[in-house]
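Trainee: Here you go, this is my_file.txt (compact mmCIF, C-alpha atoms and all ligand atoms).
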# COMPACT_ATOMS: atom_id res chain seq x y z
CA MET A 1 136.56 -69.18 110.81
CA SER A 2 139.97 -68.37 112.25
CA SER A 3 140.23 -65.22 114.33
CA TYR A 4 143.85 -65.88 115.23
CA LEU A 5 145.93 -62.70 115.11
CA PRO A 6 143.94 -60.68 112.56
CA ARG A 7 145.89 -57.77 110.93
CA ARG A 8 145.07 -54.48 112.56
CA ASP A 9 147.88 -52.31 111.21
CA LEU A 10 146.39 -51.65 107.78
CA GLU A 11 147.86 -49.46 105.06
CA THR A 12 145.17 -46.76 105.40
CA HIS A 13 144.51 -46.87 109.14
CA LEU A 14 145.07 -48.66 112.43
CA VAL A 15 142.08 -50.69 113.63
CA GLU A 16 141.69 -49.66 117.26
CA ASN A 17 139.14 -49.02 120.00
CA GLN A 18 137.36 -52.28 119.08
CA PRO A 19 136.55 -54.90 121.72
CA PRO A 20 138.56 -58.13 121.72
CA PRO A 21 136.69 -61.36 120.88
CA LEU A 22 134.33 -62.36 123.70
CA GLY A 23 136.13 -65.69 124.21
CA ASP A 24 135.03 -68.59 126.39
CA TYR A 25 132.90 -67.93 129.44
CA ASN A 26 130.64 -70.09 131.56
CA ALA A 27 127.08 -69.07 130.68
CA PHE A 28 125.86 -70.50 133.98
CA SER A 29 128.45 -70.02 136.71
CA ASP A 30 129.71 -66.64 135.38
CA ASP A 31 126.18 -65.32 134.91
CA ALA A 32 124.39 -64.01 138.00
CA LEU A 33 121.18 -63.41 136.04
CA ILE A 34 120.80 -67.00 134.81
CA ARG A 35 122.32 -68.54 137.98
CA SER A 36 119.66 -67.04 140.19
CA GLY A 37 116.34 -67.50 141.98
CA ALA A 38 114.62 -70.87 142.03
CA VAL A 39 117.42 -72.61 140.16
CA LEU A 40 119.79 -72.17 143.11
CA SER A 41 117.70 -74.57 145.19
CA CYS A 42 117.76 -77.34 142.57
CA GLY A 43 120.45 -79.36 144.39
CA ALA A 44 124.15 -80.01 143.86
CA GLU A 45 123.79 -82.52 141.02
CA THR A 46 121.60 -80.18 138.97
CA LEU A 47 123.86 -77.18 139.62
CA GLN A 48 126.89 -79.20 138.49
CA HIS A 49 125.03 -80.31 135.37
CA LEU A 50 124.10 -76.70 134.58
CA THR A 51 127.67 -75.55 135.23
CA ASP A 52 129.00 -78.12 132.74
CA PHE A 53 126.35 -77.19 130.18
CA GLY A 54 127.00 -73.48 130.80
CA ALA A 55 130.68 -73.95 129.93
CA ALA A 56 129.73 -75.62 126.64
CA CYS A 57 127.10 -73.02 125.71
CA GLY A 58 129.32 -70.06 126.59
CA SER A 59 132.24 -71.37 124.59
CA GLN A 60 133.54 -69.69 121.46
CA GLU A 61 133.11 -73.03 119.72
CA ALA A 62 129.35 -73.15 120.41
CA ARG A 63 128.85 -69.55 119.28
CA GLU A 64 130.78 -70.34 116.12
CA GLN A 65 128.49 -73.31 115.50
CA GLY A 66 125.53 -70.96 116.01
CA ARG A 67 126.95 -68.60 113.40
CA LEU A 68 127.55 -71.42 110.93
CA ALA A 69 124.11 -72.94 111.46
CA ASN A 70 122.46 -69.58 110.74
CA GLU A 71 124.67 -68.54 107.84
CA ASN A 72 124.18 -71.94 106.17
CA PRO A 73 120.42 -72.36 106.52
CA PRO A 74 118.67 -75.70 105.96
CA LYS A 75 117.93 -76.85 102.41
CA LEU A 76 114.86 -78.73 101.25
CA ARG A 77 115.49 -81.92 99.27
CA SER A 78 112.10 -82.73 97.73
CA PHE A 79 113.38 -85.40 95.34
CA ASP A 80 116.45 -87.55 94.86
CA ARG A 81 118.38 -87.29 91.59
CA TYR A 82 116.11 -89.96 90.03
CA GLY A 83 112.87 -88.09 90.70
CA GLN A 84 111.74 -90.14 93.67
CA ARG A 85 110.26 -88.18 96.58
CA LEU A 86 112.42 -87.59 99.64
CA ASP A 87 110.81 -84.65 101.49
CA GLU A 88 113.88 -84.27 103.64
CA VAL A 89 115.72 -81.27 104.96
CA GLU A 90 119.49 -81.11 104.90
CA PHE A 91 121.26 -79.22 107.68
CA HIS A 92 124.79 -77.90 108.09
CA PRO A 93 126.90 -80.08 110.45
CA ALA A 94 126.93 -77.18 112.95
CA TYR A 95 123.14 -77.54 113.35
CA HIS A 96 123.53 -81.24 114.18
CA ALA A 97 126.33 -80.43 116.65
CA LEU A 98 124.09 -77.92 118.45
CA MET A 99 121.14 -80.33 118.49
CA ALA A 100 123.37 -83.01 120.02
CA LEU A 101 124.72 -80.52 122.56
CA GLY A 102 121.26 -79.60 123.81
CA LEU A 103 119.33 -82.86 123.53
CA ASP A 104 122.13 -84.95 125.04
CA ALA A 105 122.20 -82.51 127.99
CA GLY A 106 118.45 -82.99 128.52
CA VAL A 107 117.03 -79.68 127.27
CA ALA A 108 113.96 -81.60 126.04
CA SER A 109 113.89 -84.40 128.59
CA ARG A 110 115.14 -83.31 131.99
CA ALA A 111 111.81 -81.80 133.06
CA TRP A 112 110.28 -85.28 132.84
CA THR A 113 113.18 -87.40 134.08
CA HIS A 114 113.86 -85.26 137.18
CA PRO A 115 110.52 -84.61 138.89
CA GLY A 116 110.61 -82.04 141.69
CA ASN A 117 112.83 -79.48 139.99
CA GLY A 118 112.89 -80.64 136.36
CA HIS A 119 110.94 -77.71 134.93
CA VAL A 120 113.11 -75.12 136.67
CA ALA A 121 116.22 -76.98 135.46
CA HIS A 122 114.67 -77.15 131.99
CA GLY A 123 114.26 -73.36 132.21
CA ALA A 124 117.95 -72.90 132.95
CA LEU A 125 118.94 -75.33 130.18
CA MET A 126 116.82 -73.41 127.66
CA LEU A 127 118.31 -70.08 128.75
CA LEU A 128 121.80 -71.54 128.37
CA MET A 129 121.14 -73.17 125.00
CA THR A 130 119.93 -69.82 123.69
CA GLN A 131 123.35 -68.33 124.46
CA ALA A 132 124.73 -70.55 121.65
CA ASP A 133 121.80 -70.53 119.19
CA CYS A 134 118.06 -69.93 119.29
CA GLY A 135 116.95 -71.89 116.21
CA VAL A 136 117.68 -75.31 117.66
CA THR A 137 115.61 -74.55 120.75
CA CYS A 138 112.46 -74.77 118.57
CA PRO A 139 112.57 -78.57 118.02
CA MET A 140 113.89 -79.03 121.55
CA SER A 141 110.99 -77.07 122.97
CA MET A 142 108.35 -78.94 120.97
CA THR A 143 109.87 -82.27 122.02
CA TYR A 144 109.79 -81.19 125.67
CA ALA A 145 106.23 -79.89 125.36
CA ALA A 146 104.78 -82.95 123.59
CA ARG A 147 105.14 -85.14 126.69
CA PRO A 148 101.93 -84.07 128.52
CA ALA A 149 99.86 -84.29 125.32
CA LEU A 150 101.03 -87.88 124.76
CA SER A 151 99.57 -88.91 128.10
CA ALA A 152 96.07 -88.40 126.65
CA SER A 153 96.39 -91.89 125.08
CA THR A 154 98.06 -94.93 126.63
CA TRP A 155 99.41 -96.22 123.31
CA ALA A 156 101.07 -92.85 122.54
CA ASP A 157 102.50 -92.54 126.01
CA GLU A 158 103.94 -96.05 125.95
CA ALA A 159 105.40 -95.84 122.46
CA TRP A 160 106.62 -92.25 122.30
CA THR A 161 107.39 -90.97 125.82
CA PRO A 162 110.50 -93.18 126.22
CA ARG A 163 111.74 -91.97 122.82
CA ILE A 164 111.37 -88.26 123.46
CA THR A 165 112.68 -88.44 127.02
CA ALA A 166 115.71 -90.55 126.07
CA GLY A 167 117.96 -87.47 126.21
CA ARG A 168 119.73 -88.45 123.00
CA TYR A 169 119.98 -86.82 119.59
CA ASP A 170 119.86 -89.25 116.69
CA PRO A 171 119.83 -87.37 113.36
CA ARG A 172 119.26 -90.47 111.19
CA PHE A 173 116.12 -90.36 109.05
CA VAL A 174 114.86 -93.84 109.89
CA PRO A 175 111.73 -95.09 111.69
CA ALA A 176 111.62 -93.92 115.31
CA ASP A 177 111.74 -97.44 116.78
CA GLN A 178 115.25 -97.81 115.31
CA LYS A 179 116.54 -94.60 116.87
CA LEU A 180 118.30 -93.81 120.16
CA GLY A 181 116.05 -90.81 120.75
CA ALA A 182 113.28 -88.98 118.93
CA THR A 183 112.04 -85.42 118.46
CA MET A 184 108.50 -84.21 118.00
CA GLY A 185 106.94 -81.19 116.28
CA MET A 186 103.46 -79.77 115.95
CA ALA A 187 101.35 -78.77 112.98
CA MET A 188 98.19 -76.83 113.75
CA THR A 189 98.35 -73.62 111.73
CA GLU A 190 96.69 -73.55 108.29
CA LYS A 191 96.56 -70.78 105.68
CA GLN A 192 93.08 -69.66 106.63
CA GLY A 193 93.53 -70.00 110.41
CA GLY A 194 96.40 -69.69 112.88
CA SER A 195 95.06 -68.70 116.29
CA ASP A 196 91.63 -69.81 115.16
CA VAL A 197 92.37 -73.51 114.68
CA ARG A 198 88.68 -74.31 114.42
CA ALA A 199 88.95 -72.92 110.88
CA ASN A 200 91.17 -75.94 109.99
CA THR A 201 90.15 -77.86 106.84
CA THR A 202 92.43 -80.93 107.12
CA ARG A 203 90.30 -84.08 107.12
CA ALA A 204 90.85 -87.42 108.84
CA ILE A 205 89.59 -90.47 106.99
CA GLY A 206 88.99 -93.41 109.34
CA LEU A 207 90.89 -96.67 108.83
CA GLY A 208 89.26 -98.38 111.83
CA GLY A 209 89.86 -97.83 115.54
CA ASP A 210 91.94 -94.74 116.21
CA GLU A 211 93.90 -95.03 112.94
CA VAL A 212 93.24 -92.54 110.14
CA GLU A 213 94.68 -91.05 106.99
CA LEU A 214 95.00 -87.28 106.76
CA VAL A 215 94.34 -85.12 103.72
CA GLY A 216 95.08 -81.40 103.92
CA HIS A 217 97.82 -78.85 104.46
CA LYS A 218 99.62 -77.07 107.29
CA TRP A 219 100.98 -73.59 106.70
CA PHE A 220 103.49 -73.74 109.52
CA CYS A 221 105.34 -76.85 110.55
CA SER A 222 108.58 -76.00 112.25
CA ALA A 223 111.17 -78.76 112.51
CA PRO A 224 109.82 -80.96 109.68
CA MET A 225 112.58 -83.53 110.32
CA SER A 226 110.94 -84.38 113.63
CA ASP A 227 110.11 -88.07 114.04
CA ALA A 228 106.43 -87.30 114.58
CA PHE A 229 104.03 -84.38 114.80
CA LEU A 230 100.94 -83.63 116.78
CA THR A 231 98.37 -82.22 114.41
CA LEU A 232 94.71 -81.25 114.24
CA ALA A 233 92.16 -82.51 111.72
CA TYR A 234 88.40 -82.83 111.43
CA GLU A 235 86.56 -86.10 111.62
CA GLU A 236 82.87 -86.75 112.16
CA ALA A 237 83.04 -86.09 115.91
CA GLY A 238 84.78 -82.73 115.36
CA LEU A 239 88.35 -81.45 115.56
CA SER A 240 90.67 -84.16 116.89
CA CYS A 241 94.36 -84.39 117.72
CA PHE A 242 96.48 -86.94 115.86
CA LEU A 243 100.03 -88.16 116.04
CA VAL A 244 101.58 -88.32 112.54
CA PRO A 245 104.84 -90.29 112.36
CA ARG A 246 107.36 -89.60 109.57
CA TRP A 247 107.29 -93.35 108.79
CA ARG A 248 104.24 -95.57 108.44
CA PRO A 249 103.92 -98.73 110.58
CA ASP A 250 104.89 -100.87 107.54
CA GLY A 251 108.26 -99.09 107.39
CA THR A 252 107.57 -96.92 104.33
CA ARG A 253 107.78 -93.12 104.22
CA ASN A 254 104.59 -91.47 105.38
CA GLN A 255 102.97 -89.22 102.75
CA ILE A 256 103.97 -85.91 104.31
CA GLU A 257 105.12 -83.65 101.50
CA ILE A 258 107.21 -80.60 102.37
CA GLU A 259 106.08 -77.83 100.01
CA ARG A 260 108.77 -75.30 100.84
CA LEU A 261 110.81 -73.88 103.71
CA LYS A 262 109.79 -70.52 105.16
CA ASP A 263 111.99 -67.50 104.52
CA LYS A 264 111.99 -66.08 108.04
CA LEU A 265 113.30 -62.92 109.61
CA GLY A 266 115.16 -64.78 112.38
CA ASP A 267 115.33 -68.36 113.66
CA ARG A 268 117.16 -69.18 110.43
CA SER A 269 119.07 -72.27 111.58
CA ASN A 270 115.70 -73.96 112.12
CA ALA A 271 113.68 -75.20 109.14
CA SER A 272 110.07 -74.03 109.40
CA SER A 273 108.06 -75.46 106.54
CA GLU A 274 104.74 -75.69 104.73
CA ILE A 275 103.53 -79.26 104.41
CA GLU A 276 100.73 -81.30 102.84
CA TYR A 277 99.23 -84.57 103.98
CA HIS A 278 98.45 -86.89 101.07
CA HIS A 279 96.65 -89.70 102.89
CA ALA A 280 99.29 -89.52 105.60
CA TYR A 281 98.98 -92.22 108.26
CA ALA A 282 98.08 -90.94 111.76
CA ARG A 283 96.62 -92.12 115.06
CA ARG A 284 94.26 -90.20 117.31
CA ILE A 285 95.41 -88.92 120.69
CA GLY A 286 92.74 -88.37 123.32
CA GLU A 287 89.02 -88.34 122.59
CA ALA A 288 87.55 -87.84 119.11
CA GLY A 289 86.38 -84.24 118.74
CA ARG A 290 88.46 -83.09 121.74
CA GLY A 291 91.59 -82.18 119.79
CA VAL A 292 92.07 -78.69 121.19
CA PRO A 293 92.10 -79.78 124.87
CA ALA A 294 94.59 -82.53 123.91
CA ILE A 295 97.06 -80.32 122.04
CA ILE A 296 96.70 -77.37 124.41
CA ARG A 297 98.74 -79.36 126.94
CA MET A 298 101.61 -79.10 124.49
CA VAL A 299 100.91 -75.44 123.72
CA GLN A 300 101.00 -74.59 127.45
CA HIS A 301 104.57 -75.87 127.72
CA THR A 302 105.76 -74.25 124.48
CA ARG A 303 104.49 -70.98 125.95
CA TYR A 304 106.80 -71.48 128.94
CA ASP A 305 109.61 -71.95 126.43
CA CYS A 306 108.61 -68.77 124.56
CA MET A 307 109.25 -66.93 127.85
CA LEU A 308 112.62 -68.65 128.23
CA GLY A 309 113.60 -68.14 124.59
CA ALA A 310 112.83 -64.44 124.69
CA ALA A 311 114.56 -63.99 128.06
CA GLY A 312 117.55 -65.92 126.70
CA VAL A 313 117.84 -63.75 123.59
CA MET A 314 117.72 -60.61 125.72
CA ARG A 315 120.43 -62.05 127.97
CA ARG A 316 122.59 -62.90 124.96
CA ALA A 317 122.27 -59.35 123.65
CA LEU A 318 123.09 -57.94 127.08
CA VAL A 319 126.27 -60.04 127.27
CA GLU A 320 127.38 -58.46 123.98
CA ALA A 321 126.38 -54.99 125.16
CA PHE A 322 128.36 -55.30 128.41
CA TRP A 323 131.39 -56.67 126.59
CA HIS A 324 131.30 -53.99 123.92
CA THR A 325 130.79 -51.05 126.26
CA ALA A 326 133.44 -52.34 128.68
CA HIS A 327 136.05 -52.26 125.90
CA ARG A 328 135.14 -49.27 123.81
CA THR A 329 136.08 -45.73 124.68
CA ALA A 330 134.07 -42.64 123.78
CA PHE A 331 134.84 -39.14 125.03
CA GLN A 332 137.84 -40.24 127.15
CA ARG A 333 135.93 -42.90 129.09
CA LYS A 334 134.92 -46.50 128.63
CA LEU A 335 131.33 -46.45 127.41
CA ILE A 336 130.24 -48.54 130.38
CA ASP A 337 131.43 -45.74 132.70
CA GLN A 338 129.47 -43.02 130.95
CA PRO A 339 126.48 -42.27 133.25
CA LEU A 340 123.80 -42.41 130.54
CA MET A 341 125.19 -45.68 129.13
CA ALA A 342 125.35 -47.19 132.62
CA ALA A 343 121.70 -46.27 133.15
CA THR A 344 120.73 -47.82 129.80
CA LEU A 345 122.58 -51.05 130.59
CA ALA A 346 121.03 -51.16 134.04
CA ASP A 347 117.57 -50.80 132.49
CA LEU A 348 118.29 -53.71 130.15
CA ALA A 349 119.68 -55.82 132.99
CA VAL A 350 116.54 -55.23 135.05
CA GLU A 351 114.41 -56.44 132.11
CA VAL A 352 116.49 -59.60 131.81
CA GLU A 353 116.52 -60.26 135.53
CA ALA A 354 112.75 -59.85 135.77
CA SER A 355 112.17 -62.09 132.73
CA VAL A 356 114.38 -64.82 134.13
CA ALA A 357 112.78 -64.52 137.60
CA LEU A 358 109.25 -64.77 136.18
CA SER A 359 110.26 -67.77 134.05
CA TYR A 360 111.80 -69.63 136.97
CA ARG A 361 108.74 -68.81 139.07
CA LEU A 362 106.57 -70.48 136.46
CA GLY A 363 108.98 -73.41 136.31
CA ARG A 364 108.52 -73.80 140.07
CA ALA A 365 104.73 -73.87 139.62
CA LEU A 366 105.06 -76.56 136.93
CA ASP A 367 107.27 -78.57 139.31
CA SER A 368 104.77 -78.40 142.15
CA GLY A 369 102.87 -81.53 141.10
CA GLY A 370 99.26 -81.54 142.23
CA ASP A 371 99.24 -78.24 144.18
CA GLU A 372 95.98 -76.51 143.18
CA ARG A 373 97.13 -72.99 143.93
CA GLU A 374 100.30 -73.42 141.88
CA ALA A 375 98.32 -75.01 139.03
CA ALA A 376 95.98 -71.99 139.00
CA PHE A 377 98.97 -69.64 139.06
CA ALA A 378 100.58 -71.52 136.14
CA ARG A 379 97.38 -71.34 134.14
CA LEU A 380 97.32 -67.54 134.37
CA ALA A 381 101.03 -66.78 134.46
CA THR A 382 101.93 -68.78 131.35
CA PRO A 383 100.05 -66.77 128.70
CA ILE A 384 100.67 -63.49 130.56
CA GLY A 385 104.38 -64.29 130.90
CA LYS A 386 104.66 -65.25 127.25
CA TYR A 387 102.89 -62.07 126.19
CA TRP A 388 104.91 -59.80 128.46
CA ILE A 389 108.40 -61.21 127.98
CA THR A 390 108.17 -61.68 124.21
CA LYS A 391 106.85 -58.13 123.92
CA ARG A 392 109.78 -56.79 125.94
C1 LIG A 401 108.81 -68.89 113.76
C2 LIG A 401 107.43 -69.49 113.77
C3 LIG A 401 107.31 -70.87 113.90
C4 LIG A 401 106.03 -71.44 113.91
N1 LIG A 401 105.95 -72.81 114.02
C5 LIG A 401 104.72 -73.38 114.03
C6 LIG A 401 104.60 -74.79 114.12
O1 LIG A 401 105.59 -75.53 114.24
N2 LIG A 401 103.36 -75.34 114.10
C7 LIG A 401 102.24 -74.56 114.00
O2 LIG A 401 101.14 -75.12 114.00
N3 LIG A 401 102.32 -73.23 113.89
C8 LIG A 401 103.53 -72.62 113.91
N4 LIG A 401 103.63 -71.25 113.77
C9 LIG A 401 102.44 -70.50 113.49
C10 LIG A 401 101.87 -69.81 114.70
O3 LIG A 401 101.40 -70.73 115.62
C11 LIG A 401 100.78 -68.87 114.18
O4 LIG A 401 101.43 -67.84 113.49
C12 LIG A 401 99.95 -68.32 115.31
O5 LIG A 401 99.10 -69.34 115.79
C13 LIG A 401 99.14 -67.11 114.88
O6 LIG A 401 98.39 -67.40 113.77
P1 LIG A 401 98.38 -66.46 112.47
O7 LIG A 401 99.80 -66.15 112.11
O8 LIG A 401 97.54 -67.11 111.46
O9 LIG A 401 97.73 -65.10 112.96
P2 LIG A 401 96.19 -64.78 113.15
O10 LIG A 401 95.53 -65.86 113.94
O11 LIG A 401 95.59 -64.42 111.84
O12 LIG A 401 96.31 -63.47 114.04
C14 LIG A 401 96.75 -62.22 113.48
C15 LIG A 401 96.81 -61.20 114.60
O13 LIG A 401 95.52 -61.06 115.20
C16 LIG A 401 95.58 -61.27 116.59
N5 LIG A 401 94.38 -61.98 117.03
C17 LIG A 401 93.99 -63.26 116.76
N6 LIG A 401 92.83 -63.54 117.37
C18 LIG A 401 92.46 -62.44 118.04
C19 LIG A 401 91.34 -62.10 118.88
N7 LIG A 401 90.39 -63.01 119.15
N8 LIG A 401 91.29 -60.87 119.40
C20 LIG A 401 92.26 -59.95 119.13
N9 LIG A 401 93.34 -60.21 118.37
C21 LIG A 401 93.44 -61.44 117.83
C22 LIG A 401 96.82 -62.11 116.82
O14 LIG A 401 97.37 -61.89 118.11
C23 LIG A 401 97.75 -61.58 115.72
O15 LIG A 401 98.43 -60.43 116.15
C24 LIG A 401 104.88 -70.65 113.78
C25 LIG A 401 105.02 -69.27 113.67
C26 LIG A 401 106.27 -68.69 113.66
C27 LIG A 401 106.37 -67.20 113.51
Is it possible to give me this structure as structure tokens?

Mentor:
Amino acid sequence: MSSYLPRRDLETHLVENQPPPLGDYNAFSDDALIRSGAVLSCGAETLQHLTDFGAACGSQEAREQGRLANENPPKLRSFDRYGQRLDEVEFHPAYHALMALGLDAGVASRAWTHPGNGHVAHGALMLLMTQADCGVTCPMSMTYAARPALSASTWADEAWTPRITAGRYDPRFVPADQKLGATMGMAMTEKQGGSDVRANTTRAIGLGGDEVELVGHKWFCSAPMSDAFLTLAYEEAGLSCFLVPRWRPDGTRNQIEIERLKDKLGDRSNASSEIEYHHAYARRIGEAGRGVPAIIRMVQHTRYDCMLGAAGVMRRALVEAFWHTAHRTAFQRKLIDQPLMAATLADLAVEVEASVALSYRLGRALDSGGDEREAAFARLATPIGKYWITKR
């Protein structure tokens, strides 16, 4: 949409005392709240990378893509015009542009390709991506978080880790081994049980070895165009974790039917869906009957991203609040100079600063490798941080 020289001298009134457009800014180098704490000790190469990404995420162009991706939400294409099943989701080009922006910059991969400070850098990348759009951070987050769960099985690690850490966005709907990079989602929640995944009813029917076919439904599957999902299903040994690819090993479409897309309050650029498995091909990850411990490794890292996502949204709102109050006058003063408004903005800034600091602190714990004390801290701080920051 063009905002070039809009008419302000209208027949009935003059449009005045409105802020100018926010314009381009660098969401990293111009932002003392995001460019702070642990991230400052990540080294020159990382800081340069974040500065470049910050310029892209703070640009008017990226915000415009965010607007377009949310105002033109994804559409489900269940069938082609001849009645054959597709089960695909169609996105506005702005969504693809934002996915490429983030995945190509390593939002989902850098934590694993840059050990030592990768999780802190991932934190900054997530905060920056959120300044352009939040919806796309959902598939990015799940792709990032899947990595530790994959390591529960050698075959999964060898086949899928290189794909999800490739740092490339490839939107083509083709088998993952033909793509430059892959994304991964998760499907745990069922109608009768969300938090309580032991109430799941999806069944795994053995095909021999660790291969199965799944029959059942999932009530929440965000990012259904992911190349694979980690999912939970019951088999004889109990609840197990499986990797379900969108394509079967013989190159045909896996029987994952997308029932409908969720009509959500926010997060509209992202396509959360309800799905059914109709003898969908899958392979077990980790031990049979130990599905929760396997998938919880993924959940742990998505919780870190819930902290970052919420902190990022608050930061984005604060940017708008500062800009607006710095340019609007009420009672002969700029709003930002009115003592009560200044106190309100300061309160909000403290919330953001604390959220970002806590997130980076957790990132540092995740980066600490085998340190027992840091691992114990991460175990406690992750759910508490997610609870606290999302509530704020
Ligand atoms: C935008 C969005 C995207 C999502 N994407 C996915 C996805 O990709 N894959 C997926 O598997 N799921 C996804 N979910 C689903 C999400 O994981 C579930 O909503 C979540 O696990 C909670 O389950 P529930 O909604 O069934 O709530 P319930 O489990 O029914 O809980 C209802 C309420 O009770 C509280 N509660 C639960 N247990 C207890 C307890 N023991 N003591 C006290 N209070 C309790 C909960 O905190 C909650 O407030 C998504 C949800 C949203 C909103």

Trainee: Specify the axis-aligned box that encloses all atoms of ligand LIG 401 (chain A) listed in the file after padding of 8 Å on each side, stating its centre and edge lengths in Å to one decimal as lines of an AutoDock Vina configuration file.

Mentor:
center_x = 99.6
center_y = -67.7
center_z = 115.4
size_x = 34.4
size_y = 31.6
size_z = 23.9

Trainee: Any idea what's packed within 7 Å of region 339-353 of chain A, counting only C-alpha atoms, ignoring anything in its chain fewer than 3 positions away? Could you give it as a list in words?

Mentor: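 The filter keeps Leu33, Ala311, Met314, Arg315, Leu335, Ile336, Val356 and Ala357 of chain A.
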
Trainee: Can you write just those residues out, C-alpha atoms, as a JSON list (two decimals), in the coordinates of the input?

Mentor:
[["chain", "number", "residue", "atom", "x", "y", "z"],
["A", 33, "LEU", "CA", 121.18, -63.41, 136.04],
["A", 311, "ALA", "CA", 114.56, -63.99, 128.06],
["A", 314, "MET", "CA", 117.72, -60.61, 125.72],
["A", 315, "ARG", "CA", 120.43, -62.05, 127.97],
["A", 335, "LEU", "CA", 131.33, -46.45, 127.41],
["A", 336, "ILE", "CA", 130.24, -48.54, 130.38],
["A", 356, "VAL", "CA", 114.38, -64.82, 134.13],
["A", 357, "ALA", "CA", 112.78, -64.52, 137.60]]

Trainee: Could you name the residues that touch Thr46 (chain A) at 12 Å or less, counting all atoms listed in the file, but leaving out those on the same chain fewer than 2 positions away, as a PyMOL selection string?

Mentor: chain A and resi 28+35+39-44+48-54+105-106+110-111+114-122+124-125

Trainee: With 7 Å as the cut-off and only C-alpha atoms and all ligand atoms counted, what is the closest atom pair between each nearby residue of chain A and ligand LIG 401 (chain A)? Distances in Å to one decimal, ordered by chain and number, as a tab-separated table.

Mentor:
residue	atom	partner	partner_atom	distance
A:Gly185	CA	A:LIG401	O1	6.2
A:Met186	CA	A:LIG401	N2	4.8
A:Ala187	CA	A:LIG401	O2	3.8
A:Met188	CA	A:LIG401	O2	3.4
A:Thr189	CA	A:LIG401	O2	3.9
A:Lys191	CA	A:LIG401	O8	6.9
A:Gly193	CA	A:LIG401	O8	5.1
A:Gly194	CA	A:LIG401	O8	3.2
A:Ser195	CA	A:LIG401	O10	3.7
A:Asp196	CA	A:LIG401	O10	5.7
A:Phe220	CA	A:LIG401	C8	4.5
A:Cys221	CA	A:LIG401	O1	3.9
A:Ser222	CA	A:LIG401	O1	3.6
A:Ala223	CA	A:LIG401	O1	6.7
A:Asp267	CA	A:LIG401	C1	6.5
A:Ser272	CA	A:LIG401	C3	6.2

Trainee: Within 6 Å of region 167-182 of chain A, counting only C-alpha atoms, which residues show up once you throw out same-chain ones fewer than 4 positions away? Write them as a PyMOL selection string, please.

Mentor: chain A and resi 100+103-104+106+109+163+227+247

Trainee: List every protein, DNA or RNA residue with an atom no more than 8 Å from (113.4, -63.4, 138.6) in the file's coordinates, counting all atoms listed in the file, and format the result as a list in words.

Mentor: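 Collected hits near the coordinates: Ser36, Gly37, Glu353, Ala354, Ser355, Val356, Ala357, Leu358, Ser359, Tyr360 and Arg361 of chain A.
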
Trainee: Please report the interatomic distance between CA of Gly385 (chain A) and CA of Val197 (chain A) in Å with one decimal.

Mentor: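 Atom-to-atom, CA of Gly385 (chain A) and CA of Val197 (chain A) are spaced 22.2 Å apart.
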
Trainee: Show me, as number ranges by chain, the residues that have an atom within 8 Å of region 293-302 of chain A when counting all atoms listed in the file, minus same-chain residues fewer than 6 positions from it.

Mentor: A: 141-142, 144-149, 152, 230-231, 241, 285-286, 382-383

Trainee: From the list A:Pro6, A:Gly266, A:Gly370, A:Gly238, which residue is nearest Asn70 (chain A) when using all atoms listed in the file?

Mentor: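 For Asn70 (chain A), the nearest of the given residues is A:Gly266.
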
Trainee: Step by step: start from the point (113.7, -71.9, 115.9) in the file's coordinates, keep every protein, DNA or RNA residue that has an atom no farther than 12 Å from it, count only C-alpha atoms, and write the set as a ChimeraX atom specification.

Mentor: /A:66,69-70,73-74,95,99,129-130,133-142,185,221-224,262,264-273,302,305-306,309-310,313

Trainee: From the list A:Arg373, A:Arg260, A:His278, A:Arg198, which residue is nearest Gly216 (chain A) when using only C-alpha atoms?

Mentor: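 Among the listed residues, the smallest separation from Gly216 (chain A) belongs to A:His278.
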
Trainee: List as a JSON list (two decimals) with C-alpha atoms, in the frame of the given file the protein and nucleic acid residues near region 76-86 of chain A, meaning an atom at most 9 Å away when all atoms listed in the file are counted, but skip any in the same chain fewer than 2 places from it.

Mentor:
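Generated output (out-v6.json):
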[["chain", "number", "residue", "atom", "x", "y", "z"],
["A", 74, "PRO", "CA", 118.67, -75.70, 105.96],
["A", 88, "GLU", "CA", 113.88, -84.27, 103.64],
["A", 89, "VAL", "CA", 115.72, -81.27, 104.96],
["A", 90, "GLU", "CA", 119.49, -81.11, 104.90],
["A", 253, "ARG", "CA", 107.78, -93.12, 104.22],
["A", 257, "GLU", "CA", 105.12, -83.65, 101.50],
["A", 258, "ILE", "CA", 107.21, -80.60, 102.37],
["A", 259, "GLU", "CA", 106.08, -77.83, 100.01],
["A", 260, "ARG", "CA", 108.77, -75.30, 100.84],
["A", 261, "LEU", "CA", 110.81, -73.88, 103.71],
["A", 271, "ALA", "CA", 113.68, -75.20, 109.14]]
